[in-house]
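Chemist: Have a peek at protein20.pdb (PDB, C-alpha atoms).
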```pdb
ATOM      1  CA  MET W   1     191.992 -48.726-150.958
ATOM      2  CA  PHE W   2     188.739 -47.785-152.666
ATOM      3  CA  ARG W   3     188.261 -48.692-156.330
ATOM      4  CA  SER W   4     185.817 -46.688-158.356
ATOM      5  CA  GLY W   5     183.255 -48.695-160.195
ATOM      6  CA  GLN W   6     184.651 -51.914-158.957
ATOM      7  CA  ASN W   7     186.108 -52.497-155.498
ATOM      8  CA  ILE W   8     186.172 -50.914-152.090
ATOM      9  CA  ASP W   9     188.724 -52.158-149.622
ATOM     10  CA  GLU W  10     186.808 -51.630-146.409
ATOM     11  CA  LYS W  11     188.965 -52.569-143.423
ATOM     12  CA  GLY W  12     190.755 -55.294-145.335
ATOM     13  CA  ARG W  13     187.932 -56.742-147.423
ATOM     14  CA  GLN W  14     186.988 -56.008-151.022
ATOM     15  CA  VAL W  15     183.468 -54.833-151.857
ATOM     16  CA  ASP W  16     182.303 -54.393-155.454
ATOM     17  CA  ALA W  17     181.060 -50.823-155.859
ATOM     18  CA  LYS W  18     180.375 -47.942-158.212
ATOM     19  CA  ILE W  19     181.320 -44.543-156.856
ATOM     20  CA  VAL W  20     178.544 -41.987-157.117
ATOM     21  CA  GLU W  21     180.384 -39.103-155.439
ATOM     22  CA  VAL W  22     183.460 -38.313-153.389
ATOM     23  CA  SER W  23     182.509 -35.481-151.045
ATOM     24  CA  PRO W  24     184.862 -33.699-148.628
ATOM     25  CA  VAL W  25     183.843 -36.101-145.842
ATOM     26  CA  ALA W  26     182.380 -39.236-147.452
ATOM     27  CA  ILE W  27     182.541 -41.672-150.344
ATOM     28  CA  ILE W  28     179.057 -42.276-151.734
ATOM     29  CA  TYR W  29     178.598 -45.473-153.723
ATOM     30  CA  LYS W  30     176.273 -48.227-154.919
ATOM     31  CA  GLN W  31     177.085 -51.899-154.761
ATOM     32  CA  SER W  32     178.008 -53.196-158.223
ATOM     33  CA  ASP W  33     175.665 -56.159-157.958
ATOM     34  CA  ASN W  34     172.735 -53.865-157.108
ATOM     35  CA  LEU W  35     173.104 -50.617-159.096
ATOM     36  CA  GLU W  36     169.363 -49.964-158.794
ATOM     37  CA  GLY W  37     169.562 -50.445-155.022
ATOM     38  CA  PRO W  38     170.295 -48.037-152.197
ATOM     39  CA  ILE W  39     173.120 -45.541-152.055
ATOM     40  CA  HIS W  40     175.704 -46.149-149.336
ATOM     41  CA  SER W  41     178.021 -43.648-147.670
ATOM     42  CA  ILE W  42     181.340 -44.323-145.943
ATOM     43  CA  ASP W  43     183.459 -41.812-144.029
ATOM     44  CA  LYS W  44     186.513 -40.837-146.119
ATOM     45  CA  SER W  45     188.770 -41.135-143.092
ATOM     46  CA  GLU W  46     188.300 -44.921-143.214
ATOM     47  CA  PHE W  47     190.282 -45.128-146.458
ATOM     48  CA  TYR W  48     193.805 -44.393-147.500
ATOM     49  CA  ARG W  49     193.283 -44.129-151.250
ATOM     50  CA  ILE W  50     190.809 -44.517-154.122
ATOM     51  CA  THR W  51     191.826 -46.295-157.318
ATOM     52  CA  TYR W  52     189.479 -45.454-160.175
ATOM     53  CA  ASN W  53     188.706 -47.919-162.966
ATOM     54  CA  ASN W  54     190.788 -45.833-165.420
ATOM     55  CA  GLY W  55     193.842 -46.542-163.211
ATOM     56  CA  LYS W  56     194.029 -43.070-161.657
ATOM     57  CA  THR W  57     194.747 -43.141-157.926
ATOM     58  CA  GLU W  58     193.675 -40.508-155.409
ATOM     59  CA  VAL W  59     195.504 -40.629-152.075
ATOM     60  CA  LEU W  60     193.189 -39.643-149.228
ATOM     61  CA  GLY W  61     195.773 -40.189-146.510
ATOM     62  CA  LYS W  62     198.435 -37.618-145.782
ATOM     63  CA  TYR W  63     201.484 -39.877-146.128
ATOM     64  CA  SER W  64     203.013 -41.506-149.196
ATOM     65  CA  GLY W  65     203.580 -44.831-147.473
ATOM     66  CA  THR W  66     204.084 -46.725-144.223
ATOM     67  CA  GLU W  67     207.698 -45.622-143.772
ATOM     68  CA  GLU W  68     206.783 -41.934-143.951
ATOM     69  CA  ALA W  69     203.930 -42.374-141.429
ATOM     70  CA  LYS W  70     206.199 -44.358-139.083
ATOM     71  CA  LYS W  71     208.893 -41.676-139.323
ATOM     72  CA  ILE W  72     206.398 -38.948-138.312
ATOM     73  CA  ILE W  73     205.073 -41.052-135.411
ATOM     74  CA  VAL W  74     208.554 -41.790-134.062
ATOM     75  CA  SER W  75     210.028 -38.297-134.478
ATOM     76  CA  THR W  76     206.975 -36.566-132.965
ATOM     77  CA  ILE W  77     206.732 -38.899-129.957
ATOM     78  CA  ASN W  78     210.485 -38.547-129.405
ATOM     79  CA  GLU W  79     210.192 -34.748-129.429
ATOM     80  CA  PHE W  80     206.929 -34.208-127.504
ATOM     81  CA  GLY W  81     206.257 -37.451-125.595
ATOM     82  CA  ILE W  82     206.798 -37.636-121.831
ATOM     83  CA  ASP W  83     206.419 -40.395-119.264
ATOM     84  CA  ARG W  84     202.908 -40.426-117.756
ATOM     85  CA  ASN W  85     204.185 -40.934-114.207
ATOM     86  CA  ILE W  86     207.524 -39.113-114.197
ATOM     87  CA  GLY W  87     206.934 -35.977-116.253
ATOM     88  CA  TRP W  88     210.582 -35.045-116.761
ATOM     89  CA  GLN W  89     211.358 -38.364-118.465
ATOM     90  CA  LYS W  90     211.102 -38.255-122.231
ATOM     91  CA  LEU W  91     209.749 -41.028-124.432
ATOM     92  CA  GLN W  92     211.654 -42.804-127.150
ATOM     93  CA  ALA W  93     209.607 -44.509-129.855
ATOM     94  CA  GLU W  94     210.787 -47.063-132.390
ATOM     95  CA  PHE W  95     209.269 -49.523-134.829
ATOM     96  CA  LYS W  96     210.275 -53.150-135.127
ATOM     97  CA  GLU W  97     208.669 -54.057-138.435
ATOM     98  CA  ASP W  98     205.052 -52.902-137.967
ATOM     99  CA  LEU W  99     205.015 -52.935-134.150
ATOM    100  CA  LEU W 100     205.574 -49.762-132.127
ATOM    101  CA  ARG W 101     207.566 -49.735-128.900
ATOM    102  CA  ILE W 102     207.778 -46.713-126.608
ATOM    103  CA  ASN W 103     210.436 -46.589-123.888
ATOM    104  CA  SER W 104     210.841 -44.081-121.076
ATOM    105  CA  ILE W 105     214.365 -42.642-121.111
ATOM    106  CA  ASN W 106     216.417 -40.855-118.466
ATOM    107  CA  LYS W 107     218.344 -37.587-118.823
ATOM    108  CA  LYS W 108     221.335 -39.489-120.241
ATOM    109  CA  GLY W 109     219.151 -40.958-123.003
ATOM    110  CA  SER W 110     219.160 -44.534-121.686
ATOM    111  CA  ALA W 111     215.985 -46.588-121.498
ATOM    112  CA  VAL W 112     214.647 -46.648-117.943
ATOM    113  CA  GLU W 113     211.860 -49.050-118.741
ATOM    114  CA  GLU W 114     211.563 -51.194-121.854
ATOM    115  CA  GLY W 115     208.123 -50.753-123.314
ATOM    116  CA  ASP W 116     205.923 -53.436-124.811
ATOM    117  CA  PHE W 117     205.227 -53.696-128.530
ATOM    118  CA  TRP W 118     201.907 -52.338-129.859
ATOM    119  CA  ASP W 119     200.201 -53.392-133.103
ATOM    120  CA  LEU W 120     199.003 -50.276-134.963
ATOM    121  CA  GLY W 121     197.644 -52.395-137.830
ATOM    122  CA  LYS W 122     194.963 -53.908-135.590
ATOM    123  CA  VAL W 123     193.660 -50.869-133.730
ATOM    124  CA  ILE W 124     190.190 -51.415-132.299
ATOM    125  CA  GLU W 125     189.538 -47.761-131.480
ATOM    126  CA  PHE W 126     191.246 -44.384-131.592
ATOM    127  CA  HIS W 127     189.900 -42.165-128.816
ATOM    128  CA  LYS W 128     189.728 -38.395-129.147
ATOM    129  CA  ILE W 129     192.750 -36.587-127.765
ATOM    130  CA  SER W 130     192.275 -35.855-124.070
ATOM    131  CA  PHE W 131     193.447 -32.278-123.409
ATOM    132  CA  ARG W 132     194.768 -31.331-119.974
ATOM    133  CA  ASN W 133     196.277 -28.197-118.442
ATOM    134  CA  ASN W 134     199.539 -26.612-119.660
ATOM    135  CA  ASN W 135     198.927 -27.897-123.214
ATOM    136  CA  THR W 136     199.490 -31.477-121.992
ATOM    137  CA  CYS W 137     197.313 -34.105-123.633
ATOM    138  CA  TYR W 138     196.878 -37.850-123.900
ATOM    139  CA  LEU W 139     196.484 -40.151-126.878
ATOM    140  CA  ASN W 140     194.453 -43.279-126.070
ATOM    141  CA  ILE W 141     194.506 -46.137-128.571
ATOM    142  CA  VAL W 142     192.841 -49.509-127.985
ATOM    143  CA  THR W 143     194.891 -52.169-129.737
ATOM    144  CA  PHE W 144     196.925 -55.302-129.138
ATOM    145  CA  ARG W 145     199.966 -55.212-126.884
ATOM    146  CA  PHE W 146     202.612 -57.920-127.126
ATOM    147  CA  ARG W 147     203.909 -58.926-123.748
ATOM    148  CA  ASN W 148     206.247 -61.927-123.852
ATOM    149  CA  SER W 149     205.342 -62.358-127.560
ATOM    150  CA  LYS W 150     201.709 -62.946-126.608
ATOM    151  CA  PRO W 151     199.044 -60.479-127.886
ATOM    152  CA  GLU W 152     196.475 -59.071-125.483
ATOM    153  CA  LEU W 153     193.937 -56.311-125.991
ATOM    154  CA  ASP W 154     194.871 -53.191-124.016
ATOM    155  CA  LYS W 155     194.951 -49.399-124.155
ATOM    156  CA  LEU W 156     198.101 -47.597-125.280
ATOM    157  CA  VAL W 157     198.306 -44.197-123.557
ATOM    158  CA  ILE W 158     200.834 -41.616-124.742
ATOM    159  CA  LYS W 159     201.305 -38.342-122.856
ATOM    160  CA  MET W 160     202.341 -35.438-125.067
ATOM    161  CA  THR W 161     203.398 -31.860-124.281
ATOM    162  CA  ASP W 162     201.831 -30.319-127.396
ATOM    163  CA  TYR W 163     198.253 -30.723-128.649
ATOM    164  CA  GLN W 164     199.093 -30.198-132.344
ATOM    165  CA  ALA W 165     201.893 -32.768-132.096
ATOM    166  CA  ALA W 166     199.452 -35.253-130.533
ATOM    167  CA  GLU W 167     196.997 -34.601-133.364
ATOM    168  CA  ASN W 168     199.762 -35.207-135.927
ATOM    169  CA  VAL W 169     200.673 -38.532-134.278
ATOM    170  CA  LEU W 170     197.017 -39.580-134.131
ATOM    171  CA  ASN W 171     196.472 -38.805-137.832
ATOM    172  CA  ALA W 172     199.673 -40.623-138.821
ATOM    173  CA  MET W 173     198.588 -43.646-136.757
ATOM    174  CA  LYS W 174     195.171 -43.681-138.437
ATOM    175  CA  ASP W 175     196.763 -43.571-141.899
ATOM    176  CA  LEU W 176     199.266 -46.256-140.901
ATOM    177  CA  GLN W 177     196.501 -48.527-139.628
ATOM    178  CA  ILE W 178     194.698 -48.292-142.976
ATOM    179  CA  MET W 179     197.914 -48.925-144.936
ATOM    180  CA  LEU W 180     198.788 -51.974-142.820
ATOM    181  CA  LYS W 181     195.455 -53.723-143.406
TER     182      LYS W 181
END
```
Let's see the structure in the file written out as C-alpha cells.

Modeler:
Amino acid sequence: MFRSGQNIDEKGRQVDAKIVEVSPVAIIYKQSDNLEGPIHSIDKSEFYRITYNNGKTEVLGKYSGTEEAKKIIVSTINEFGIDRNIGWQKLQAEFKEDLLRINSINKKGSAVEEGDFWDLGKVIEFHKISFRNNNTCYLNIVTFRFRNSKPELDKLVIKMTDYQAAENVLNAMKDLQIMLK
C-alpha cells in the first residue's frame, strides 16, 4: 500500500512520503522528513494500492483481494498447465492458506506426484516468461519451497500451453505477493 502524503508500504515496510505524481509507470514522491530534498521514483508494479491522505484508495493491482488472485492462479494453471517432463499430464493447482501446491495428474484426474508447497508471499524474483515453440512457455519464480515443512530457496517452474494464460498467472502472482506482504 502507498499512502499519499504520509506512508509508502514498500515491500512490507512503511516510509513517510508525499506523493508528487502518479505516472502510468511510476510513483514519484518526496520523503516527508525531507520535503526540500530529492525526488524519488518507484515502479508502480511494486505496489498494490495507494491510499491518499483524504482516505481515497486507488487500487493499482488487477484483483480485489487475495482470494480473487488465488482463484485466477488456480483456474488458469488447471486449464493450461502441463507437466514439464510428461507433456500429456495436466497440472492441478491448489492453495493451502497462502501456500501454492501444484500436482501432476493422470488422465483419470488422480495426482501422480504430490507437489511441494511454494510461498508466493516471499518471492525473491519473477523471471520473464520463457517462450518456446508451439505456444508453450515457462514461468520461473524464485521463492521458498516447503519440503517436509522445512523452507528452502528454489525455483518454481510451471509449463503452460498458452502464453497469454502464463502472463495472466504471472500478473496474478505478482499482485498476490504484494497483498501477502

Chemist: I'd like the contact shell of range 157-174 of chain W - 10 Å cut-off, only C-alpha atoms, skipping same-chain residues fewer than 6 positions apart - returned as a PyMOL selection string.

Modeler: chain W and resi 45-48+61-63+66+68-85+87+90-91+102+120-121+123+125-142

Chemist: Taking C-alpha atoms for each residue, export the selection above as a short mmCIF file (atom, residue, chain, number, x, y, z; two decimals), in the frame of the given file.

Modeler:
```cif
data_model
loop_
_atom_site.label_atom_id
_atom_site.label_comp_id
_atom_site.auth_asym_id
_atom_site.auth_seq_id
_atom_site.Cartn_x
_atom_site.Cartn_y
_atom_site.Cartn_z
CA SER W 45 188.77 -41.14 -143.09
CA GLU W 46 188.30 -44.92 -143.21
CA PHE W 47 190.28 -45.13 -146.46
CA TYR W 48 193.80 -44.39 -147.50
CA GLY W 61 195.77 -40.19 -146.51
CA LYS W 62 198.44 -37.62 -145.78
CA TYR W 63 201.48 -39.88 -146.13
CA THR W 66 204.08 -46.72 -144.22
CA GLU W 68 206.78 -41.93 -143.95
CA ALA W 69 203.93 -42.37 -141.43
CA LYS W 70 206.20 -44.36 -139.08
CA LYS W 71 208.89 -41.68 -139.32
CA ILE W 72 206.40 -38.95 -138.31
CA ILE W 73 205.07 -41.05 -135.41
CA VAL W 74 208.55 -41.79 -134.06
CA SER W 75 210.03 -38.30 -134.48
CA THR W 76 206.98 -36.57 -132.96
CA ILE W 77 206.73 -38.90 -129.96
CA ASN W 78 210.48 -38.55 -129.40
CA GLU W 79 210.19 -34.75 -129.43
CA PHE W 80 206.93 -34.21 -127.50
CA GLY W 81 206.26 -37.45 -125.60
CA ILE W 82 206.80 -37.64 -121.83
CA ASP W 83 206.42 -40.40 -119.26
CA ARG W 84 202.91 -40.43 -117.76
CA ASN W 85 204.18 -40.93 -114.21
CA GLY W 87 206.93 -35.98 -116.25
CA LYS W 90 211.10 -38.26 -122.23
CA LEU W 91 209.75 -41.03 -124.43
CA ILE W 102 207.78 -46.71 -126.61
CA LEU W 120 199.00 -50.28 -134.96
CA GLY W 121 197.64 -52.40 -137.83
CA VAL W 123 193.66 -50.87 -133.73
CA GLU W 125 189.54 -47.76 -131.48
CA PHE W 126 191.25 -44.38 -131.59
CA HIS W 127 189.90 -42.16 -128.82
CA LYS W 128 189.73 -38.40 -129.15
CA ILE W 129 192.75 -36.59 -127.76
CA SER W 130 192.28 -35.85 -124.07
CA PHE W 131 193.45 -32.28 -123.41
CA ARG W 132 194.77 -31.33 -119.97
CA ASN W 133 196.28 -28.20 -118.44
CA ASN W 134 199.54 -26.61 -119.66
CA ASN W 135 198.93 -27.90 -123.21
CA THR W 136 199.49 -31.48 -121.99
CA CYS W 137 197.31 -34.10 -123.63
CA TYR W 138 196.88 -37.85 -123.90
CA LEU W 139 196.48 -40.15 -126.88
CA ASN W 140 194.45 -43.28 -126.07
CA ILE W 141 194.51 -46.14 -128.57
CA VAL W 142 192.84 -49.51 -127.98
#
```

Chemist: Kindly indicate which residue among W:Leu156, W:Ala17, W:Leu60, W:Leu99 lies nearest to Ser41 in chain W, using all atoms listed in the file for the distances.

Modeler: W:Ala17

Chemist: For CA of Lys56 in chain W and CA of Asp98 in chain W, determine how far apart the two atoms are, in Å to one decimal place.

Modeler: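 Going from CA of Lys56 in chain W over to CA of Asp98 in chain W covers 27.9 Å.
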
Chemist: Using 8 Å of padding on each side, determine the axis-aligned box around all atoms of range 164-173 of chain W present in the file and give its centre and edge lengths in Å to one decimal, as lines of an AutoDock Vina configuration file.

Modeler:
```
center_x = 199.2
center_y = -36.9
center_z = -134.7
size_x = 21.4
size_y = 29.4
size_z = 24.3
```

Chemist: For Glu58 in chain W, which residue among W:Ile28, W:Ile105, W:Val22, W:Ile86 is the nearest when counting all atoms listed in the file?

Modeler: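 For Glu58 in chain W, the nearest of the candidates is W:Val22.
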
Chemist: Which residues come within 9 Å of Arg101 in chain W, counting only C-alpha atoms, excluding same-chain residues fewer than 3 positions away, as a compact mmCIF listing (two decimals) with C-alpha atoms, keeping the file's coordinate frame?

Modeler:
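Contents of the output file out.txt:
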```
# COMPACT_ATOMS: atom_id res chain seq x y z
CA GLN W 92 211.65 -42.80 -127.15
CA ALA W 93 209.61 -44.51 -129.85
CA GLU W 94 210.79 -47.06 -132.39
CA PHE W 95 209.27 -49.52 -134.83
CA LYS W 96 210.28 -53.15 -135.13
CA GLU W 114 211.56 -51.19 -121.85
CA GLY W 115 208.12 -50.75 -123.31
CA ASP W 116 205.92 -53.44 -124.81
CA PHE W 117 205.23 -53.70 -128.53
CA TRP W 118 201.91 -52.34 -129.86
```
